[in-house]
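Peer 1: Sharing target34.txt here; it has compact mmCIF, N, CA and C atoms and all ligand atoms.
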# COMPACT_ATOMS: atom_id res chain seq x y z
N MET U 1 -21.23 -18.80 17.83
CA MET U 1 -19.98 -18.35 17.21
C MET U 1 -20.27 -17.22 16.24
N ASN U 2 -19.47 -16.18 16.35
CA ASN U 2 -19.67 -15.03 15.47
C ASN U 2 -18.96 -15.23 14.13
N HIS U 3 -19.70 -15.08 13.08
CA HIS U 3 -19.11 -15.11 11.75
C HIS U 3 -19.11 -13.70 11.21
N SER U 4 -17.92 -13.18 10.85
CA SER U 4 -17.84 -11.80 10.38
C SER U 4 -17.90 -11.74 8.86
N VAL U 5 -18.56 -10.70 8.39
CA VAL U 5 -18.71 -10.51 6.95
C VAL U 5 -18.28 -9.08 6.59
N VAL U 6 -17.91 -8.89 5.33
CA VAL U 6 -17.52 -7.56 4.86
C VAL U 6 -18.77 -6.71 4.66
N VAL U 7 -18.84 -5.59 5.33
CA VAL U 7 -19.99 -4.70 5.17
C VAL U 7 -19.68 -3.62 4.16
N ALA U 8 -18.40 -3.26 4.00
CA ALA U 8 -18.04 -2.21 3.05
C ALA U 8 -16.55 -2.30 2.73
N ARG U 9 -16.19 -1.76 1.57
CA ARG U 9 -14.78 -1.67 1.17
C ARG U 9 -14.44 -0.21 0.92
N PHE U 10 -13.22 0.15 1.23
CA PHE U 10 -12.80 1.54 1.07
C PHE U 10 -11.44 1.58 0.41
N SER U 11 -11.19 2.62 -0.37
CA SER U 11 -9.88 2.78 -1.01
C SER U 11 -8.86 3.32 -0.02
N PHE U 12 -9.32 4.06 0.98
CA PHE U 12 -8.41 4.71 1.91
C PHE U 12 -8.75 4.34 3.35
N PRO U 13 -7.71 4.08 4.15
CA PRO U 13 -7.94 3.74 5.56
C PRO U 13 -8.74 4.80 6.30
N ILE U 14 -8.58 6.06 5.93
CA ILE U 14 -9.29 7.12 6.65
C ILE U 14 -10.80 6.95 6.50
N ASP U 15 -11.23 6.54 5.30
CA ASP U 15 -12.67 6.32 5.09
C ASP U 15 -13.17 5.16 5.93
N ALA U 16 -12.36 4.10 5.99
CA ALA U 16 -12.75 2.94 6.77
C ALA U 16 -12.84 3.30 8.25
N ASN U 17 -11.92 4.13 8.71
CA ASN U 17 -11.92 4.52 10.12
C ASN U 17 -13.13 5.39 10.46
N ILE U 18 -13.53 6.24 9.53
CA ILE U 18 -14.73 7.06 9.75
C ILE U 18 -15.96 6.16 9.82
N ALA U 19 -16.03 5.20 8.90
CA ALA U 19 -17.17 4.28 8.89
C ALA U 19 -17.19 3.47 10.19
N LYS U 20 -16.02 3.04 10.62
CA LYS U 20 -15.95 2.26 11.87
C LYS U 20 -16.40 3.12 13.06
N ALA U 21 -16.00 4.39 13.06
CA ALA U 21 -16.41 5.29 14.13
C ALA U 21 -17.93 5.45 14.15
N ASN U 22 -18.53 5.51 12.95
CA ASN U 22 -19.98 5.61 12.87
C ASN U 22 -20.64 4.37 13.47
N LEU U 23 -20.08 3.20 13.18
CA LEU U 23 -20.64 1.96 13.73
C LEU U 23 -20.42 1.91 15.24
N ASP U 24 -19.23 2.32 15.68
CA ASP U 24 -18.94 2.36 17.12
C ASP U 24 -19.98 3.20 17.85
N SER U 25 -20.35 4.32 17.22
CA SER U 25 -21.23 5.28 17.89
C SER U 25 -22.62 4.71 18.12
N VAL U 26 -23.00 3.69 17.36
CA VAL U 26 -24.32 3.07 17.58
C VAL U 26 -24.18 1.69 18.19
N GLY U 27 -22.96 1.34 18.59
CA GLY U 27 -22.77 0.09 19.33
C GLY U 27 -22.62 -1.16 18.50
N ILE U 28 -22.32 -0.99 17.22
CA ILE U 28 -22.10 -2.15 16.36
C ILE U 28 -20.60 -2.47 16.34
N PRO U 29 -20.22 -3.67 16.76
CA PRO U 29 -18.80 -4.04 16.74
C PRO U 29 -18.31 -4.21 15.31
N SER U 30 -17.07 -3.78 15.06
CA SER U 30 -16.53 -3.92 13.71
C SER U 30 -15.02 -3.92 13.79
N TYR U 31 -14.38 -4.41 12.75
CA TYR U 31 -12.93 -4.28 12.67
C TYR U 31 -12.50 -4.10 11.22
N ILE U 32 -11.30 -3.56 11.05
CA ILE U 32 -10.79 -3.22 9.74
C ILE U 32 -9.68 -4.20 9.37
N ALA U 33 -9.74 -4.70 8.15
CA ALA U 33 -8.69 -5.59 7.66
C ALA U 33 -7.92 -4.90 6.54
N ASP U 34 -6.69 -5.25 6.41
CA ASP U 34 -5.82 -4.76 5.33
C ASP U 34 -5.38 -3.33 5.54
N GLU U 35 -5.72 -2.73 6.65
CA GLU U 35 -5.41 -1.31 6.84
C GLU U 35 -3.91 -1.04 6.73
N HIS U 36 -3.11 -1.90 7.36
CA HIS U 36 -1.68 -1.61 7.40
C HIS U 36 -1.02 -1.83 6.05
N THR U 37 -1.49 -2.85 5.35
CA THR U 37 -0.99 -3.06 4.00
C THR U 37 -1.27 -1.85 3.13
N VAL U 38 -2.48 -1.34 3.26
CA VAL U 38 -2.88 -0.23 2.41
C VAL U 38 -2.15 1.05 2.82
N ASN U 39 -1.92 1.22 4.11
CA ASN U 39 -1.18 2.40 4.54
C ASN U 39 0.21 2.45 3.93
N MET U 40 0.82 1.31 3.82
CA MET U 40 2.17 1.27 3.27
C MET U 40 2.17 1.38 1.75
N GLN U 41 1.15 0.84 1.15
CA GLN U 41 1.12 0.81 -0.32
C GLN U 41 -0.27 1.23 -0.80
N TRP U 42 -0.64 2.45 -0.44
CA TRP U 42 -2.02 2.84 -0.72
C TRP U 42 -2.32 2.93 -2.20
N LEU U 43 -1.28 3.13 -3.01
CA LEU U 43 -1.52 3.20 -4.45
C LEU U 43 -2.09 1.89 -4.97
N TYR U 44 -1.80 0.81 -4.26
CA TYR U 44 -2.25 -0.50 -4.71
C TYR U 44 -3.50 -0.96 -3.99
N SER U 45 -4.09 -0.06 -3.23
CA SER U 45 -5.20 -0.50 -2.39
C SER U 45 -6.34 -1.07 -3.21
N ASP U 46 -6.61 -0.49 -4.37
CA ASP U 46 -7.71 -1.01 -5.18
C ASP U 46 -7.39 -2.41 -5.70
N ALA U 47 -6.11 -2.61 -6.02
CA ALA U 47 -5.71 -3.93 -6.50
C ALA U 47 -5.86 -4.98 -5.41
N LEU U 48 -5.68 -4.56 -4.16
CA LEU U 48 -5.79 -5.49 -3.04
C LEU U 48 -7.24 -5.65 -2.58
N GLY U 49 -8.15 -4.91 -3.22
CA GLY U 49 -9.54 -4.97 -2.79
C GLY U 49 -9.88 -3.91 -1.78
N GLY U 50 -8.94 -3.01 -1.54
CA GLY U 50 -9.20 -1.90 -0.65
C GLY U 50 -9.14 -2.31 0.81
N VAL U 51 -9.57 -1.38 1.66
CA VAL U 51 -9.64 -1.63 3.09
C VAL U 51 -11.02 -2.20 3.38
N ARG U 52 -11.05 -3.35 4.01
CA ARG U 52 -12.33 -4.00 4.26
C ARG U 52 -12.78 -3.80 5.69
N LEU U 53 -14.05 -3.46 5.83
CA LEU U 53 -14.65 -3.28 7.16
C LEU U 53 -15.56 -4.47 7.43
N PHE U 54 -15.27 -5.18 8.51
CA PHE U 54 -16.03 -6.38 8.88
C PHE U 54 -16.95 -6.11 10.05
N VAL U 55 -18.11 -6.76 10.01
CA VAL U 55 -19.01 -6.75 11.17
C VAL U 55 -19.51 -8.19 11.37
N PRO U 56 -19.92 -8.55 12.58
CA PRO U 56 -20.56 -9.85 12.79
C PRO U 56 -21.80 -9.96 11.91
N GLU U 57 -22.04 -11.15 11.39
CA GLU U 57 -23.11 -11.31 10.40
C GLU U 57 -24.46 -10.80 10.90
N GLN U 58 -24.75 -10.98 12.20
CA GLN U 58 -26.06 -10.58 12.70
C GLN U 58 -26.24 -9.06 12.72
N PHE U 59 -25.13 -8.30 12.56
CA PHE U 59 -25.22 -6.84 12.54
C PHE U 59 -25.18 -6.27 11.12
N LEU U 60 -25.12 -7.15 10.13
CA LEU U 60 -24.87 -6.70 8.76
C LEU U 60 -25.90 -5.68 8.27
N GLU U 61 -27.20 -6.01 8.42
CA GLU U 61 -28.23 -5.11 7.89
C GLU U 61 -28.20 -3.76 8.62
N GLU U 62 -28.06 -3.82 9.94
CA GLU U 62 -28.04 -2.59 10.72
C GLU U 62 -26.82 -1.74 10.35
N ALA U 63 -25.68 -2.41 10.16
CA ALA U 63 -24.46 -1.69 9.81
C ALA U 63 -24.60 -1.02 8.45
N ARG U 64 -25.23 -1.71 7.51
CA ARG U 64 -25.44 -1.12 6.18
C ARG U 64 -26.29 0.14 6.26
N GLU U 65 -27.30 0.08 7.12
CA GLU U 65 -28.16 1.25 7.29
C GLU U 65 -27.38 2.43 7.84
N VAL U 66 -26.57 2.16 8.86
CA VAL U 66 -25.77 3.23 9.47
C VAL U 66 -24.83 3.84 8.43
N LEU U 67 -24.18 2.96 7.66
CA LEU U 67 -23.20 3.44 6.69
C LEU U 67 -23.84 4.16 5.52
N SER U 68 -25.14 3.95 5.31
CA SER U 68 -25.80 4.61 4.18
C SER U 68 -26.25 6.02 4.55
N LEU U 69 -26.16 6.35 5.85
CA LEU U 69 -26.51 7.71 6.27
C LEU U 69 -25.56 8.70 5.60
N ASP U 70 -26.10 9.79 5.19
CA ASP U 70 -25.32 10.76 4.43
C ASP U 70 -25.12 12.03 5.24
N PHE U 71 -23.87 12.39 5.44
CA PHE U 71 -23.57 13.59 6.22
C PHE U 71 -23.38 14.82 5.33
N SER U 72 -23.72 14.71 4.06
CA SER U 72 -23.44 15.78 3.11
C SER U 72 -24.10 17.10 3.51
N ASP U 73 -25.30 17.03 4.05
CA ASP U 73 -25.99 18.27 4.41
C ASP U 73 -25.19 19.04 5.45
N ASP U 74 -24.71 18.34 6.45
CA ASP U 74 -23.91 19.00 7.47
C ASP U 74 -22.67 19.63 6.86
N VAL U 75 -22.03 18.88 5.99
CA VAL U 75 -20.79 19.36 5.39
C VAL U 75 -21.05 20.57 4.50
N ASP U 76 -22.17 20.54 3.76
CA ASP U 76 -22.50 21.69 2.92
C ASP U 76 -22.65 22.94 3.77
N LEU U 77 -23.26 22.78 4.91
CA LEU U 77 -23.46 23.90 5.81
C LEU U 77 -22.11 24.49 6.23
N ILE U 78 -21.20 23.61 6.59
CA ILE U 78 -19.87 24.05 6.98
C ILE U 78 -19.19 24.78 5.84
N CYS U 79 -19.34 24.27 4.63
CA CYS U 79 -18.62 24.82 3.50
C CYS U 79 -19.24 26.13 3.00
N ASP U 80 -20.51 26.36 3.31
CA ASP U 80 -21.08 27.66 3.00
C ASP U 80 -20.39 28.74 3.82
N VAL U 81 -19.99 28.37 5.01
CA VAL U 81 -19.34 29.32 5.90
C VAL U 81 -17.87 29.50 5.51
N GLU U 82 -17.26 28.42 5.05
CA GLU U 82 -15.83 28.45 4.78
C GLU U 82 -15.51 28.03 3.34
N PRO U 83 -15.89 28.84 2.34
CA PRO U 83 -15.54 28.47 0.97
C PRO U 83 -14.05 28.74 0.74
N ASN U 84 -13.33 27.74 0.31
CA ASN U 84 -11.89 27.90 0.18
C ASN U 84 -11.43 27.45 -1.20
N ARG U 85 -10.47 28.21 -1.73
CA ARG U 85 -9.92 27.92 -3.04
C ARG U 85 -8.47 28.39 -3.02
N CYS U 86 -7.60 27.61 -3.62
CA CYS U 86 -6.19 27.98 -3.61
C CYS U 86 -5.98 29.29 -4.37
N PRO U 87 -5.37 30.31 -3.74
CA PRO U 87 -5.16 31.59 -4.40
C PRO U 87 -4.09 31.51 -5.49
N GLN U 88 -3.31 30.46 -5.47
CA GLN U 88 -2.21 30.34 -6.42
C GLN U 88 -2.61 29.61 -7.70
N CYS U 89 -3.20 28.42 -7.55
CA CYS U 89 -3.54 27.63 -8.74
C CYS U 89 -5.05 27.49 -8.91
N LYS U 90 -5.83 28.12 -8.03
CA LYS U 90 -7.29 28.09 -8.08
C LYS U 90 -7.87 26.70 -7.86
N SER U 91 -7.05 25.79 -7.39
CA SER U 91 -7.53 24.45 -7.12
C SER U 91 -8.52 24.47 -5.96
N GLN U 92 -9.50 23.58 -6.03
CA GLN U 92 -10.44 23.46 -4.92
C GLN U 92 -9.98 22.39 -3.94
N ASN U 93 -8.85 21.79 -4.20
CA ASN U 93 -8.37 20.71 -3.34
C ASN U 93 -7.59 21.26 -2.16
N VAL U 94 -8.27 22.02 -1.33
CA VAL U 94 -7.66 22.52 -0.10
C VAL U 94 -8.31 21.77 1.05
N PHE U 95 -7.70 21.85 2.22
CA PHE U 95 -8.10 20.98 3.31
C PHE U 95 -9.53 21.19 3.78
N THR U 96 -10.05 22.40 3.68
CA THR U 96 -11.38 22.63 4.22
C THR U 96 -12.45 22.71 3.14
N TYR U 97 -12.06 22.55 1.90
CA TYR U 97 -13.05 22.57 0.83
C TYR U 97 -13.56 21.16 0.59
N THR U 98 -14.80 21.05 0.16
CA THR U 98 -15.35 19.73 -0.11
C THR U 98 -15.99 19.69 -1.49
N LYS U 99 -15.76 18.61 -2.18
CA LYS U 99 -16.43 18.38 -3.45
C LYS U 99 -16.60 16.88 -3.59
N GLY U 100 -17.81 16.42 -3.58
CA GLY U 100 -18.06 14.99 -3.66
C GLY U 100 -18.00 14.35 -2.30
N LYS U 101 -18.43 13.13 -2.24
CA LYS U 101 -18.64 12.49 -0.96
C LYS U 101 -17.31 12.18 -0.27
N ARG U 102 -16.28 11.74 -1.01
CA ARG U 102 -15.04 11.37 -0.37
C ARG U 102 -14.43 12.59 0.32
N SER U 103 -14.36 13.69 -0.38
CA SER U 103 -13.81 14.90 0.22
C SER U 103 -14.66 15.34 1.40
N ALA U 104 -15.94 15.16 1.27
CA ALA U 104 -16.83 15.55 2.36
C ALA U 104 -16.47 14.80 3.62
N PHE U 105 -16.14 13.54 3.48
CA PHE U 105 -15.76 12.76 4.65
C PHE U 105 -14.43 13.24 5.21
N PHE U 106 -13.52 13.64 4.32
CA PHE U 106 -12.25 14.17 4.80
C PHE U 106 -12.50 15.41 5.64
N VAL U 107 -13.33 16.29 5.15
CA VAL U 107 -13.62 17.52 5.89
C VAL U 107 -14.29 17.18 7.21
N PHE U 108 -15.23 16.27 7.14
CA PHE U 108 -15.94 15.85 8.34
C PHE U 108 -14.95 15.33 9.37
N PHE U 109 -13.98 14.57 8.88
CA PHE U 109 -12.98 13.98 9.77
C PHE U 109 -12.11 15.06 10.38
N PHE U 110 -11.60 15.96 9.55
CA PHE U 110 -10.67 16.97 10.05
C PHE U 110 -11.36 17.95 10.98
N LEU U 111 -12.63 18.23 10.74
CA LEU U 111 -13.33 19.16 11.61
C LEU U 111 -13.55 18.56 12.98
N GLY U 112 -13.44 17.24 13.07
CA GLY U 112 -13.61 16.60 14.35
C GLY U 112 -12.34 16.64 15.19
N LEU U 113 -11.25 17.05 14.58
CA LEU U 113 -9.98 17.12 15.29
C LEU U 113 -9.77 18.54 15.80
N PRO U 114 -8.82 18.72 16.70
CA PRO U 114 -8.46 20.11 17.08
C PRO U 114 -8.17 20.90 15.81
N THR U 115 -8.76 22.06 15.70
CA THR U 115 -8.79 22.75 14.41
C THR U 115 -7.55 23.57 14.15
N PHE U 116 -6.39 22.92 14.20
CA PHE U 116 -5.15 23.67 13.93
C PHE U 116 -5.06 24.11 12.48
N PHE U 117 -5.80 23.45 11.60
CA PHE U 117 -5.79 23.88 10.20
C PHE U 117 -6.35 25.30 10.07
N TYR U 118 -7.39 25.55 10.84
CA TYR U 118 -8.01 26.86 10.77
C TYR U 118 -7.12 27.94 11.38
N LYS U 119 -6.48 27.58 12.46
CA LYS U 119 -5.71 28.58 13.18
C LYS U 119 -4.46 28.99 12.41
N HIS U 120 -3.93 28.07 11.63
CA HIS U 120 -2.65 28.36 10.99
C HIS U 120 -2.77 28.57 9.48
N GLY U 121 -3.92 28.32 8.93
CA GLY U 121 -4.09 28.56 7.50
C GLY U 121 -4.58 27.33 6.77
N LEU U 122 -4.43 27.39 5.47
CA LEU U 122 -4.91 26.32 4.63
C LEU U 122 -3.81 25.86 3.69
N LYS U 123 -3.92 24.63 3.25
CA LYS U 123 -2.92 24.12 2.34
C LYS U 123 -3.58 23.48 1.14
N CYS U 124 -3.02 23.77 -0.04
CA CYS U 124 -3.53 23.23 -1.30
C CYS U 124 -2.86 21.88 -1.54
N THR U 125 -3.66 20.88 -1.86
CA THR U 125 -3.09 19.55 -2.08
C THR U 125 -2.53 19.40 -3.49
N ASP U 126 -2.85 20.33 -4.38
CA ASP U 126 -2.37 20.22 -5.76
C ASP U 126 -0.98 20.85 -5.94
N CYS U 127 -0.80 22.08 -5.42
CA CYS U 127 0.47 22.77 -5.62
C CYS U 127 1.22 22.98 -4.31
N ASN U 128 0.65 22.51 -3.20
CA ASN U 128 1.28 22.63 -1.88
C ASN U 128 1.41 24.07 -1.41
N HIS U 129 0.69 24.98 -2.04
CA HIS U 129 0.69 26.36 -1.58
C HIS U 129 0.02 26.44 -0.22
N PHE U 130 0.63 27.22 0.67
CA PHE U 130 0.10 27.38 2.02
C PHE U 130 -0.18 28.84 2.26
N TRP U 131 -1.35 29.14 2.83
CA TRP U 131 -1.67 30.55 3.04
C TRP U 131 -2.52 30.72 4.29
N LYS U 132 -2.54 31.98 4.76
CA LYS U 132 -3.35 32.33 5.93
C LYS U 132 -4.72 32.75 5.47
N GLN U 133 -5.71 32.48 6.30
CA GLN U 133 -7.05 32.92 5.96
C GLN U 133 -7.28 34.35 6.40
ZN ZN W 201 -2.84 25.33 -5.34
What would the structure in this file look like if it were written as structure tokens?

Peer 2:
Amino acid sequence: MNHSVVVARFSFPIDANIAKANLDSVGIPSYIADEHTVNMQWLYSDALGGVRLFVPEQFLEEAREVLSLDFSDDVDLICDVEPNRCPQCKSQNVFTYTKGKRSAFFVFFFLGLPTFFYKHGLKCTDCNHFWKQ
């Protein structure tokens, strides 16, 4: 009988989904709990304990190793090519800019999707200014 344990907690479902994708890629089964609750009330996600990622107990150590891998080097490389800053408020919180690990994962995630952000411009998350590159 498989007993599942929490391998990691996340404040945002997107982080949990990225972590799950990483585990999927190496063949470790996992599932996410509380995702829908947090999607509806993400402001309270920390109060609820965040989004929990479960793995079968026998995969716990391996899963922790996978999740401890750091993709920051790759992301830094991308950001050297595409340094972005809001021209209106000078905020660095634009879709393709990264600062810190959480943002790095966001960039990593978005770069894995069809790159419509690049084709149509960039958007600032602080002032909602939208511009063409
Ligand atoms: Zn801005």

Peer 1: Can you work out which residues are within 5 Å of ligand ZN 201 (chain W), considering all atoms listed in the file, and then hand them over as a list in words?

Peer 2: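 Selection of residues at most 5 Å from ligand ZN 201 (chain W): Cys86, Gln88, Cys89, Lys90, Ser91, Cys124, Asp126, Cys127, Asn128 and His129 of chain U.
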
Peer 1: Quote the spacing between atom CA of Ser30 of chain U and atom CA of Ser68 of chain U in Å to one decimal place.

Peer 2: 15.8 Å

Peer 1: How many Å lie between atom N of Ser25 of chain U and atom N of Ser4 of chain U, rounded to one decimal?

Peer 2: 18.8 Å

Peer 1: What is the atom CA of Gln92 of chain U-atom CA of Ser11 of chain U distance in Å, reported with one decimal?

Peer 2: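 Atom CA of Ser11 of chain U lies at a distance of 21.1 Å from atom CA of Gln92 of chain U.
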
Peer 1: Do you know which residues lie at most 10 Å from (-16.1, -5.5, 5.2), with coordinates as in the file and only C-alpha atoms counted, and could you write them as JSON, numbers by chain?

Peer 2: {"U": [4, 5, 6, 7, 8, 9, 10, 16, 30, 31, 32, 33, 50, 51, 52, 53, 54, 55, 56, 60]}

Peer 1: Mind dumping the selected residues with N, CA and C atoms as a short mmCIF file (atom, residue, chain, number, x, y, z; two decimals), in the frame of the given file?

Peer 2:
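The new file part-v7.cif reads:
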data_model
loop_
_atom_site.label_atom_id
_atom_site.label_comp_id
_atom_site.auth_asym_id
_atom_site.auth_seq_id
_atom_site.Cartn_x
_atom_site.Cartn_y
_atom_site.Cartn_z
N SER U 4 -17.92 -13.18 10.85
CA SER U 4 -17.84 -11.80 10.38
C SER U 4 -17.90 -11.74 8.86
N VAL U 5 -18.56 -10.70 8.39
CA VAL U 5 -18.71 -10.51 6.95
C VAL U 5 -18.28 -9.08 6.59
N VAL U 6 -17.91 -8.89 5.33
CA VAL U 6 -17.52 -7.56 4.86
C VAL U 6 -18.77 -6.71 4.66
N VAL U 7 -18.84 -5.59 5.33
CA VAL U 7 -19.99 -4.70 5.17
C VAL U 7 -19.68 -3.62 4.16
N ALA U 8 -18.40 -3.26 4.00
CA ALA U 8 -18.04 -2.21 3.05
C ALA U 8 -16.55 -2.30 2.73
N ARG U 9 -16.19 -1.76 1.57
CA ARG U 9 -14.78 -1.67 1.17
C ARG U 9 -14.44 -0.21 0.92
N PHE U 10 -13.22 0.15 1.23
CA PHE U 10 -12.80 1.54 1.07
C PHE U 10 -11.44 1.58 0.41
N ALA U 16 -12.36 4.10 5.99
CA ALA U 16 -12.75 2.94 6.77
C ALA U 16 -12.84 3.30 8.25
N SER U 30 -17.07 -3.78 15.06
CA SER U 30 -16.53 -3.92 13.71
C SER U 30 -15.02 -3.92 13.79
N TYR U 31 -14.38 -4.41 12.75
CA TYR U 31 -12.93 -4.28 12.67
C TYR U 31 -12.50 -4.10 11.22
N ILE U 32 -11.30 -3.56 11.05
CA ILE U 32 -10.79 -3.22 9.74
C ILE U 32 -9.68 -4.20 9.37
N ALA U 33 -9.74 -4.70 8.15
CA ALA U 33 -8.69 -5.59 7.66
C ALA U 33 -7.92 -4.90 6.54
N GLY U 50 -8.94 -3.01 -1.54
CA GLY U 50 -9.20 -1.90 -0.65
C GLY U 50 -9.14 -2.31 0.81
N VAL U 51 -9.57 -1.38 1.66
CA VAL U 51 -9.64 -1.63 3.09
C VAL U 51 -11.02 -2.20 3.38
N ARG U 52 -11.05 -3.35 4.01
CA ARG U 52 -12.33 -4.00 4.26
C ARG U 52 -12.78 -3.80 5.69
N LEU U 53 -14.05 -3.46 5.83
CA LEU U 53 -14.65 -3.28 7.16
C LEU U 53 -15.56 -4.47 7.43
N PHE U 54 -15.27 -5.18 8.51
CA PHE U 54 -16.03 -6.38 8.88
C PHE U 54 -16.95 -6.11 10.05
N VAL U 55 -18.11 -6.76 10.01
CA VAL U 55 -19.01 -6.75 11.17
C VAL U 55 -19.51 -8.19 11.37
N PRO U 56 -19.92 -8.55 12.58
CA PRO U 56 -20.56 -9.85 12.79
C PRO U 56 -21.80 -9.96 11.91
N LEU U 60 -25.12 -7.15 10.13
CA LEU U 60 -24.87 -6.70 8.76
C LEU U 60 -25.90 -5.68 8.27
#

Peer 1: For Val66 of chain U, which residue out of U:Lys132, U:Lys123, U:Phe12, U:Ala19 is the nearest one, using only N, CA and C atoms?

Peer 2: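 That would be U:Ala19, the residue with the smallest distance to Val66 of chain U.
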